[in-house]
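This is entry17.cif (mmCIF, C-alpha atoms).
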```cif
data_entry
loop_
_atom_site.label_atom_id
_atom_site.label_comp_id
_atom_site.auth_asym_id
_atom_site.auth_seq_id
_atom_site.Cartn_x
_atom_site.Cartn_y
_atom_site.Cartn_z
CA MET A 9 85.08 -5.59 80.23
CA ARG A 10 88.81 -5.85 80.94
CA HIS A 11 90.75 -8.45 79.01
CA PRO A 12 93.75 -10.39 80.32
CA ARG A 13 97.14 -9.60 78.88
CA SER A 14 98.13 -11.92 76.08
CA PRO A 15 101.05 -14.13 77.09
CA GLN A 16 102.60 -13.81 73.63
CA ARG A 17 104.57 -10.59 73.28
CA PRO A 18 107.36 -9.59 70.92
CA ARG A 19 110.47 -9.83 73.07
CA PRO A 20 113.29 -7.31 72.85
CA VAL A 21 116.55 -8.68 71.48
CA GLY A 22 119.56 -6.48 72.11
CA GLY A 23 117.25 -3.54 72.84
CA ARG A 24 115.18 -4.09 69.69
CA VAL A 25 112.02 -5.98 68.85
CA VAL A 26 112.33 -8.58 66.13
CA PRO A 27 108.82 -8.76 64.58
CA GLY A 28 108.02 -6.09 61.99
CA MET A 29 110.06 -3.26 60.52
CA THR A 30 109.85 0.50 60.65
CA HIS A 31 112.12 3.19 59.29
CA ALA A 32 114.45 5.26 61.41
CA PRO A 33 115.31 8.88 60.61
CA GLY A 34 117.24 9.07 57.37
CA GLY A 35 115.18 6.28 55.81
CA LYS A 36 117.29 3.38 57.13
CA PRO A 37 115.26 0.32 58.11
CA ALA A 38 115.30 -0.68 61.76
CA PRO A 39 113.37 -3.19 63.83
CA SER A 40 110.17 -1.66 65.16
CA GLY A 41 111.19 -2.04 68.80
CA ASP A 42 114.02 0.45 68.49
CA GLY A 43 111.41 3.13 69.08
CA ARG A 44 112.15 5.24 66.00
CA GLY A 45 110.19 5.17 62.81
CA ALA A 46 106.77 5.92 61.45
CA GLY A 47 105.06 2.56 61.11
CA HIS A 48 101.53 2.23 62.57
CA GLY A 49 99.31 -0.75 63.05
CA ALA A 50 95.57 -0.95 62.47
CA ASP A 51 94.93 -0.07 66.12
CA GLY A 52 95.19 3.52 67.23
CA SER A 53 98.31 4.41 69.20
CA LEU A 54 98.61 5.28 72.86
CA VAL A 55 100.81 8.41 73.11
CA VAL A 56 102.41 9.38 76.42
CA PHE A 57 103.93 12.84 76.85
CA GLY A 58 106.23 12.40 79.81
CA GLY A 59 107.18 8.97 78.54
CA THR A 60 109.47 8.10 81.45
CA SER A 61 107.04 9.32 84.12
CA ASP A 62 106.14 6.68 86.71
CA ILE A 63 102.50 7.77 86.58
CA GLY A 64 102.38 7.94 82.79
CA LEU A 65 103.88 4.47 82.42
CA ALA A 66 101.53 3.01 85.05
CA ILE A 67 98.52 4.44 83.23
CA ALA A 68 99.78 3.16 79.90
CA ALA A 69 100.35 -0.33 81.32
CA GLU A 70 96.77 -0.51 82.61
CA LEU A 71 95.35 0.73 79.30
CA LEU A 72 97.44 -1.86 77.44
CA ALA A 73 96.04 -4.61 79.68
CA ALA A 74 92.60 -3.84 78.26
CA ALA A 75 93.70 -3.35 74.65
CA PRO A 76 97.22 -4.04 73.32
CA ARG A 77 98.23 -1.35 70.82
CA PRO A 78 101.21 0.64 69.57
CA VAL A 79 102.77 3.05 72.07
CA VAL A 80 104.57 6.34 71.47
CA LEU A 81 106.68 7.64 74.35
CA VAL A 82 107.53 11.33 74.15
CA CYS A 83 110.61 11.77 76.31
CA ARG A 84 113.29 14.29 77.16
CA PRO A 85 116.28 13.73 74.85
CA GLY A 86 118.88 11.55 76.51
CA ALA A 87 116.70 10.65 79.49
CA PRO A 88 118.39 7.66 81.16
CA ARG A 89 115.10 5.89 81.88
CA VAL A 90 114.06 5.60 78.21
CA PRO A 91 115.32 2.00 77.67
CA ALA A 92 113.56 0.82 80.83
CA ALA A 93 110.35 2.63 79.82
CA ARG A 94 110.41 0.97 76.40
CA ARG A 95 110.91 -2.47 77.96
CA ALA A 96 108.08 -1.85 80.43
CA MET A 97 105.68 -0.99 77.62
CA LEU A 98 106.60 -4.08 75.60
CA GLU A 99 106.15 -6.27 78.66
CA ALA A 100 102.78 -4.60 79.37
CA GLY A 101 101.48 -5.47 75.92
CA ALA A 102 102.56 -2.75 73.50
CA THR A 103 102.63 -4.13 69.96
CA ARG A 104 105.46 -1.72 69.18
CA VAL A 105 107.10 1.28 70.82
CA ARG A 106 108.33 4.50 69.23
CA ILE A 107 110.32 7.19 71.03
CA VAL A 108 109.89 10.87 70.18
CA ASP A 109 112.37 13.32 71.68
CA LEU A 110 111.02 16.47 73.32
CA ASP A 111 112.08 18.75 76.15
CA VAL A 112 108.67 20.21 77.00
CA ALA A 113 110.31 23.41 78.29
CA GLU A 114 111.37 24.16 74.69
CA LEU A 115 108.04 25.56 73.59
CA GLY A 116 109.16 26.10 70.01
CA ALA A 117 109.75 22.36 69.59
CA HIS A 118 106.18 21.36 70.48
CA GLU A 119 104.58 21.55 67.04
CA ALA A 120 107.08 19.24 65.34
CA ALA A 121 107.09 16.76 68.23
CA VAL A 122 103.29 16.56 68.37
CA ALA A 123 103.15 16.08 64.60
CA GLU A 124 105.66 13.22 64.86
CA ALA A 125 104.02 11.59 67.88
CA LEU A 126 100.51 11.76 66.38
CA ALA A 127 101.54 10.91 62.83
CA GLY A 128 99.19 7.94 62.58
CA PRO A 129 95.87 6.80 64.07
CA VAL A 130 95.66 7.75 67.75
CA ASP A 131 93.19 6.60 70.40
CA ARG A 132 94.61 7.91 73.68
CA VAL A 133 96.99 10.75 74.53
CA VAL A 134 98.30 10.94 78.10
CA LEU A 135 99.90 14.16 79.36
CA ALA A 136 101.94 13.05 82.36
CA PHE A 137 104.85 15.46 82.61
CA GLY A 138 105.41 17.94 85.41
CA VAL A 139 107.86 19.29 87.96
CA LEU A 140 107.44 19.82 91.68
CA GLY A 141 110.41 22.09 92.28
CA ASP A 142 111.68 23.54 95.53
CA GLN A 143 108.57 25.30 96.78
CA GLU A 144 110.31 27.68 99.17
CA ARG A 145 112.79 28.70 96.53
CA ALA A 146 110.12 29.04 93.86
CA TRP A 147 108.20 31.88 95.49
CA GLN A 148 111.42 33.82 96.14
CA ASP A 149 113.27 33.13 92.88
CA ALA A 150 111.58 34.32 89.69
CA GLY A 151 113.51 31.89 87.50
CA ALA A 152 112.51 28.91 89.62
CA ALA A 153 108.86 29.98 89.62
CA VAL A 154 108.86 30.47 85.85
CA THR A 155 110.36 26.99 85.36
CA VAL A 156 107.54 25.39 87.35
CA PHE A 157 104.89 27.31 85.42
CA THR A 158 106.54 26.72 82.05
CA VAL A 159 106.48 22.95 82.46
CA ASN A 160 103.27 22.45 84.44
CA ALA A 161 101.07 25.09 82.82
CA THR A 162 102.43 26.72 79.65
CA ALA A 163 103.85 23.55 78.09
CA ALA A 164 100.74 21.55 79.00
CA VAL A 165 98.49 24.16 77.40
CA SER A 166 100.64 24.38 74.28
CA ILE A 167 100.75 20.62 73.79
CA GLY A 168 97.06 20.36 74.69
CA VAL A 169 96.09 22.80 71.93
CA LEU A 170 98.24 21.00 69.34
CA VAL A 171 96.98 17.55 70.34
CA ALA A 172 93.36 18.72 70.31
CA GLN A 173 93.66 20.05 66.78
CA ARG A 174 95.27 16.82 65.60
CA LEU A 175 92.50 14.76 67.16
CA ARG A 176 89.83 17.02 65.65
CA GLY A 177 91.38 16.57 62.22
CA GLN A 178 91.52 12.81 62.71
CA ALA A 179 87.87 12.68 63.81
CA ARG A 180 86.70 14.68 60.81
CA ALA A 181 88.82 12.76 58.31
CA THR A 182 88.35 9.20 59.56
CA GLY A 183 85.67 9.19 62.28
CA ARG A 184 88.22 7.95 64.84
CA ARG A 185 87.62 9.89 68.07
CA GLY A 186 90.52 10.00 70.46
CA ARG A 187 90.67 10.92 74.11
CA ILE A 188 93.05 13.08 76.13
CA ILE A 189 94.05 12.03 79.65
CA ALA A 190 95.55 15.01 81.49
CA ILE A 191 97.32 14.48 84.82
CA SER A 192 96.52 17.38 87.14
CA SER A 193 96.61 17.26 90.96
CA VAL A 194 94.32 17.72 93.94
CA ALA A 195 96.65 20.64 94.68
CA ALA A 196 94.86 22.45 91.84
CA GLU A 197 91.52 22.49 93.66
CA ARG A 198 92.59 24.92 96.37
CA VAL A 199 96.08 26.35 96.47
CA ARG A 200 97.76 25.81 99.85
CA ARG A 201 100.69 27.70 101.36
CA PRO A 202 103.15 24.75 101.55
CA ASN A 203 103.15 24.20 97.75
CA PHE A 204 101.33 27.21 96.33
CA VAL A 205 103.62 27.69 93.31
CA TYR A 206 103.12 24.09 92.22
CA GLY A 207 99.41 24.20 93.11
CA ALA A 208 98.86 27.44 91.20
CA SER A 209 100.60 26.04 88.12
CA LYS A 210 98.45 22.91 88.24
CA ALA A 211 95.32 25.02 88.79
CA GLY A 212 95.99 26.78 85.49
CA MET A 213 96.60 23.50 83.71
CA ASP A 214 93.52 21.89 85.27
CA GLY A 215 91.27 24.78 84.31
CA PHE A 216 92.48 24.68 80.72
CA PHE A 217 91.78 20.97 80.24
CA THR A 218 88.42 21.23 82.00
CA GLY A 219 87.48 23.91 79.48
CA LEU A 220 89.05 22.01 76.57
CA ARG A 221 86.76 19.09 77.40
CA GLU A 222 83.73 21.29 76.73
CA ALA A 223 85.24 22.79 73.57
CA LEU A 224 85.91 19.32 72.14
CA ARG A 225 82.57 17.82 73.13
CA PRO A 226 80.89 18.62 69.78
CA ASP A 227 83.66 16.66 68.02
CA GLY A 228 83.11 13.64 70.26
CA ILE A 229 86.64 13.86 71.67
CA GLY A 230 86.86 13.17 75.39
CA VAL A 231 89.09 14.73 78.03
CA LEU A 232 89.68 12.94 81.32
CA VAL A 233 91.21 15.14 84.02
CA VAL A 234 93.06 13.15 86.69
CA ARG A 235 93.63 14.68 90.14
CA PRO A 236 95.87 12.41 92.19
CA GLY A 237 96.98 13.25 95.68
CA PHE A 238 100.54 12.55 96.75
CA VAL A 239 102.02 9.82 94.56
CA ARG A 240 105.15 7.93 95.59
CA SER A 241 107.31 8.32 92.49
CA ALA A 242 110.70 9.50 91.28
CA MET A 243 109.43 13.10 91.34
CA THR A 244 108.48 12.90 95.03
CA ALA A 245 111.39 10.79 96.29
CA GLY A 246 112.31 11.68 99.87
CA ARG A 247 108.93 13.26 100.64
CA SER A 248 105.85 11.81 102.35
CA MET A 249 102.23 12.85 102.80
CA PRO A 250 98.99 11.41 104.20
CA LEU A 251 96.87 9.33 101.80
CA ALA A 252 99.88 8.63 99.58
CA VAL A 253 99.38 6.16 96.73
CA ASP A 254 101.69 4.42 94.30
CA PRO A 255 101.63 4.94 90.49
CA ARG A 256 100.00 1.58 89.85
CA ARG A 257 96.97 2.59 91.91
CA VAL A 258 96.67 5.76 89.84
CA GLY A 259 96.95 3.68 86.68
CA ARG A 260 94.16 1.34 87.73
CA ALA A 261 91.87 4.23 88.69
CA VAL A 262 92.49 6.01 85.39
CA ALA A 263 91.92 2.87 83.31
CA GLU A 264 88.62 2.25 85.09
CA ALA A 265 87.55 5.87 84.64
CA ASP A 266 88.50 5.74 80.96
CA GLU A 267 86.54 2.53 80.45
CA ARG A 268 83.47 4.14 82.03
CA GLY A 269 83.82 7.34 80.02
CA ARG A 270 84.26 9.51 83.10
CA GLU A 271 85.56 13.06 82.80
CA LEU A 272 87.19 13.51 86.22
CA VAL A 273 88.84 11.10 88.64
CA ARG A 274 90.57 11.70 91.97
CA VAL A 275 93.03 9.19 93.42
CA PRO A 276 92.36 8.03 96.05
CA ALA A 277 88.62 8.55 95.73
CA VAL A 278 88.39 9.86 99.31
CA PHE A 279 89.76 13.15 97.99
CA GLY A 280 86.32 13.81 96.50
CA PRO A 281 84.61 14.57 99.84
CA VAL A 282 87.86 15.81 101.41
CA MET A 283 88.38 18.49 98.76
CA THR A 284 84.71 19.46 98.80
CA VAL A 285 85.06 20.31 102.49
CA PHE A 286 88.46 21.93 102.02
CA ARG A 287 87.30 24.19 99.18
CA LEU A 288 84.51 25.55 101.39
CA MET A 289 86.66 25.95 104.50
CA PRO A 290 87.32 29.56 105.66
CA GLN A 291 90.90 30.62 105.02
CA ALA A 292 91.50 31.30 108.73
CA LEU A 293 90.78 27.63 109.41
CA ALA A 294 92.39 26.25 106.26
CA ARG A 295 95.77 27.77 107.07
CA ARG A 296 95.84 25.79 110.33
CA MET A 297 95.57 22.44 108.57
CA PRO A 298 98.69 20.30 109.08
CA TRP A 299 99.09 19.45 105.37
#
```

When written as structure tokens, how does the structure in this file appear?
Amino acid sequence: MRHPRSPQRPRPVGGRVVPGMTHAPGGKPAPSGDGRGAGHGADGSLVVFGGTSDIGLAIAAELLAAAPRPVVLVCRPGAPRVPAARRAMLEAGATRVRIVDLDVAELGAHEAAVAEALAGPVDRVVLAFGVLGDQERAWQDAGAAVTVFTVNATAAVSIGVLVAQRLRGQARATGRRGRIIAISSVAAERVRRPNFVYGASKAGMDGFFTGLREALRPDGIGVLVVRPGFVRSAMTAGRSMPLAVDPRRVGRAVAEADERGRELVRVPAVFGPVMTVFRLMPQALARRMPW
């Protein structure tokens, strides 16, 4: 059952939250709302990799509506949207917000960032980062193609492995079983010519998390794979597609799927039958499709 948001929230004052204290790097005390520090409440945290992502924040807001809890936003260092993302989480019901810096393309930084982000009890981990890239450039420029794959596939797999091991350790030590929510794409289900570099990178990511779900099943750790269609967001600004949705609709669908314990959700749901037909369609016919 979904619960209404509590009207009483710690309010940011000068970019910080007054109630409670944490410790910033170097051991200096700072109000918990400044986003740095290691304090954790009794409730397990909600961790969002891609912490300024429109989709990631929309999912987090819907999950917070059902259960207020601490939030950890893992964001690219210096990202201009970090203050707004922190405010959005506090307004959505986060009991506190921490920021962890990570450029996901720096693979060597993953282990330390995951350890920092998952330093306390964790209930949900959302992987919501990704790049679309210039699709025509990407198949003709090796560097551009590698960038798309590094972020969408390699980084997602690396972080997925590290998060999974942390959640397994938590489950065995405390009995708390977390859940991973991995944002894939309907483009992963059958790679199409217009965006085949992006689609292929998401196909690799999608396959990994689908398999990770089965590997983690004995530990009682869930993996929800999310396959949205075209989402109107900062990443897709200036583009349009049929059946487009906004991030909030994705957030609502994911929260409902999470509440029901589902393992796969497409947004909008019509992509279920659409992609079933498209996967079975002969290539000679598929290449004539207008999208």

Output of the PyMOL selection byres ((chain A and resi 202) around 9), listed as a ChimeraX atom specification: /A:143-144,199-201,203-205,299

Per residue of region 90-182 of chain A within 12 Å of region 219-239 of chain A, which atom pair is closest and at what distance in Å (one decimal), using all atoms listed in the file, listed by chain and increasing number, as JSON lines?
```
{"residue": "A:Val130", "atom": "CA", "partner": "A:Ile229", "partner_atom": "CA", "distance": 11.6}
{"residue": "A:Asp131", "atom": "CA", "partner": "A:Ile229", "partner_atom": "CA", "distance": 9.9}
{"residue": "A:Arg132", "atom": "CA", "partner": "A:Gly230", "partner_atom": "CA", "distance": 9.5}
{"residue": "A:Val133", "atom": "CA", "partner": "A:Val231", "partner_atom": "CA", "distance": 9.5}
{"residue": "A:Val134", "atom": "CA", "partner": "A:Leu232", "partner_atom": "CA", "distance": 9.4}
{"residue": "A:Leu135", "atom": "CA", "partner": "A:Val233", "partner_atom": "CA", "distance": 9.9}
{"residue": "A:Ala136", "atom": "CA", "partner": "A:Val234", "partner_atom": "CA", "distance": 9.9}
{"residue": "A:Leu140", "atom": "CA", "partner": "A:Phe238", "partner_atom": "CA", "distance": 11.2}
{"residue": "A:Ala164", "atom": "CA", "partner": "A:Leu220", "partner_atom": "CA", "distance": 11.9}
{"residue": "A:Val165", "atom": "CA", "partner": "A:Leu220", "partner_atom": "CA", "distance": 9.7}
{"residue": "A:Gly168", "atom": "CA", "partner": "A:Leu220", "partner_atom": "CA", "distance": 8.4}
{"residue": "A:Val169", "atom": "CA", "partner": "A:Leu220", "partner_atom": "CA", "distance": 8.5}
{"residue": "A:Leu170", "atom": "CA", "partner": "A:Leu220", "partner_atom": "CA", "distance": 11.7}
{"residue": "A:Val171", "atom": "CA", "partner": "A:Leu220", "partner_atom": "CA", "distance": 11.0}
{"residue": "A:Ala172", "atom": "CA", "partner": "A:Leu224", "partner_atom": "CA", "distance": 7.7}
{"residue": "A:Gln173", "atom": "CA", "partner": "A:Leu224", "partner_atom": "CA", "distance": 9.5}
{"residue": "A:Arg174", "atom": "CA", "partner": "A:Ile229", "partner_atom": "CA", "distance": 11.0}
{"residue": "A:Leu175", "atom": "CA", "partner": "A:Ile229", "partner_atom": "CA", "distance": 7.4}
{"residue": "A:Arg176", "atom": "CA", "partner": "A:Asp227", "partner_atom": "CA", "distance": 6.6}
{"residue": "A:Gly177", "atom": "CA", "partner": "A:Asp227", "partner_atom": "CA", "distance": 9.7}
{"residue": "A:Gln178", "atom": "CA", "partner": "A:Asp227", "partner_atom": "CA", "distance": 10.2}
{"residue": "A:Ala179", "atom": "CA", "partner": "A:Asp227", "partner_atom": "CA", "distance": 7.2}
{"residue": "A:Arg180", "atom": "CA", "partner": "A:Asp227", "partner_atom": "CA", "distance": 8.1}
{"residue": "A:Ala181", "atom": "CA", "partner": "A:Asp227", "partner_atom": "CA", "distance": 11.7}
```

Residues matched by the PyMOL selection byres ((chain A and resi 104) around 6), written as a PyMOL selection string: chain A and resi 41+78+102-103+105

Resolved residues for the PyMOL selection byres ((chain A and resi 106-117) around 7) as a PyMOL selection string: chain A and resi 43-45+79-85+104-105+118-121+125+158-159+163

Expected file: the selected residues, C-alpha atoms, as a CSV table (one decimal), in the coordinates of the input:
```csv
chain,number,residue,atom,x,y,z
A,43,GLY,CA,111.4,3.1,69.1
A,44,ARG,CA,112.2,5.2,66.0
A,45,GLY,CA,110.2,5.2,62.8
A,79,VAL,CA,102.8,3.0,72.1
A,80,VAL,CA,104.6,6.3,71.5
A,81,LEU,CA,106.7,7.6,74.4
A,82,VAL,CA,107.5,11.3,74.2
A,83,CYS,CA,110.6,11.8,76.3
A,84,ARG,CA,113.3,14.3,77.2
A,85,PRO,CA,116.3,13.7,74.8
A,104,ARG,CA,105.5,-1.7,69.2
A,105,VAL,CA,107.1,1.3,70.8
A,118,HIS,CA,106.2,21.4,70.5
A,119,GLU,CA,104.6,21.6,67.0
A,120,ALA,CA,107.1,19.2,65.3
A,121,ALA,CA,107.1,16.8,68.2
A,125,ALA,CA,104.0,11.6,67.9
A,158,THR,CA,106.5,26.7,82.0
A,159,VAL,CA,106.5,23.0,82.5
A,163,ALA,CA,103.8,23.6,78.1
```

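Between CA of Met97 (chain A) and CA of Phe137 (chain A) lies a distance of 17.2 Å.
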
Between CA of Ile67 (chain A) and CA of Gly52 (chain A) - distance in Å to one decimal: 16.4 Å

Start from the incomplete input, build N, CA, C and O atoms for region 113-129 of chain A, and deliver everything as an mmCIF file, keeping the file's coordinate frame.
```cif
data_model
loop_
_atom_site.group_PDB
_atom_site.id
_atom_site.type_symbol
_atom_site.label_atom_id
_atom_site.label_comp_id
_atom_site.auth_asym_id
_atom_site.auth_seq_id
_atom_site.Cartn_x
_atom_site.Cartn_y
_atom_site.Cartn_z
ATOM 1 N N ALA A 113 110.016 22.006 77.988
ATOM 2 C CA ALA A 113 110.310 23.410 78.290
ATOM 3 C C ALA A 113 110.700 24.191 77.049
ATOM 4 O O ALA A 113 110.670 25.424 77.056
ATOM 5 N N GLU A 114 111.057 23.504 75.961
ATOM 6 C CA GLU A 114 111.370 24.160 74.690
ATOM 7 C C GLU A 114 110.077 24.308 73.901
ATOM 8 O O GLU A 114 109.709 23.457 73.090
ATOM 9 N N LEU A 115 109.381 25.390 74.145
ATOM 10 C CA LEU A 115 108.040 25.560 73.590
ATOM 11 C C LEU A 115 108.035 25.549 72.069
ATOM 12 O O LEU A 115 107.086 25.083 71.436
ATOM 13 N N GLY A 116 109.102 26.053 71.466
ATOM 14 C CA GLY A 116 109.160 26.100 70.010
ATOM 15 C C GLY A 116 109.273 24.734 69.363
ATOM 16 O O GLY A 116 109.063 24.608 68.146
ATOM 17 N N ALA A 117 109.609 23.712 70.136
ATOM 18 C CA ALA A 117 109.750 22.360 69.590
ATOM 19 C C ALA A 117 108.447 21.563 69.649
ATOM 20 O O ALA A 117 108.379 20.445 69.138
ATOM 21 N N HIS A 118 107.419 22.121 70.255
ATOM 22 C CA HIS A 118 106.180 21.360 70.480
ATOM 23 C C HIS A 118 105.500 20.935 69.183
ATOM 24 O O HIS A 118 105.056 19.794 69.050
ATOM 25 N N GLU A 119 105.373 21.853 68.240
ATOM 26 C CA GLU A 119 104.580 21.550 67.040
ATOM 27 C C GLU A 119 105.145 20.360 66.280
ATOM 28 O O GLU A 119 104.408 19.444 65.895
ATOM 29 N N ALA A 120 106.473 20.348 66.078
ATOM 30 C CA ALA A 120 107.080 19.240 65.340
ATOM 31 C C ALA A 120 106.965 17.937 66.109
ATOM 32 O O ALA A 120 106.709 16.873 65.526
ATOM 33 N N ALA A 121 107.156 17.982 67.422
ATOM 34 C CA ALA A 121 107.090 16.760 68.230
ATOM 35 C C ALA A 121 105.678 16.191 68.247
ATOM 36 O O ALA A 121 105.489 14.971 68.153
ATOM 37 N N VAL A 122 104.674 17.042 68.380
ATOM 38 C CA VAL A 122 103.290 16.560 68.370
ATOM 39 C C VAL A 122 102.951 15.957 67.012
ATOM 40 O O VAL A 122 102.309 14.906 66.927
ATOM 41 N N ALA A 123 103.400 16.611 65.933
ATOM 42 C CA ALA A 123 103.150 16.080 64.600
ATOM 43 C C ALA A 123 103.776 14.697 64.436
ATOM 44 O O ALA A 123 103.180 13.789 63.847
ATOM 45 N N GLU A 124 104.989 14.512 64.962
ATOM 46 C CA GLU A 124 105.660 13.220 64.860
ATOM 47 C C GLU A 124 104.976 12.169 65.730
ATOM 48 O O GLU A 124 104.761 11.031 65.303
ATOM 49 N N ALA A 125 104.619 12.547 66.950
ATOM 50 C CA ALA A 125 104.020 11.590 67.880
ATOM 51 C C ALA A 125 102.632 11.146 67.423
ATOM 52 O O ALA A 125 102.238 9.997 67.635
ATOM 53 N N LEU A 126 101.880 12.053 66.806
ATOM 54 C CA LEU A 126 100.510 11.760 66.380
ATOM 55 C C LEU A 126 100.435 11.614 64.863
ATOM 56 O O LEU A 126 99.467 12.005 64.221
ATOM 57 N N ALA A 127 101.471 11.010 64.285
ATOM 58 C CA ALA A 127 101.540 10.910 62.830
ATOM 59 C C ALA A 127 100.595 9.873 62.250
ATOM 60 O O ALA A 127 100.311 9.893 61.058
ATOM 61 N N GLY A 128 100.113 8.958 63.053
ATOM 62 C CA GLY A 128 99.190 7.940 62.580
ATOM 63 C C GLY A 128 97.932 7.917 63.420
ATOM 64 O O GLY A 128 97.695 8.824 64.222
ATOM 65 N N PRO A 129 97.101 6.886 63.279
ATOM 66 C CA PRO A 129 95.870 6.800 64.070
ATOM 67 C C PRO A 129 96.176 6.799 65.565
ATOM 68 O O PRO A 129 97.067 6.088 66.024
#
```
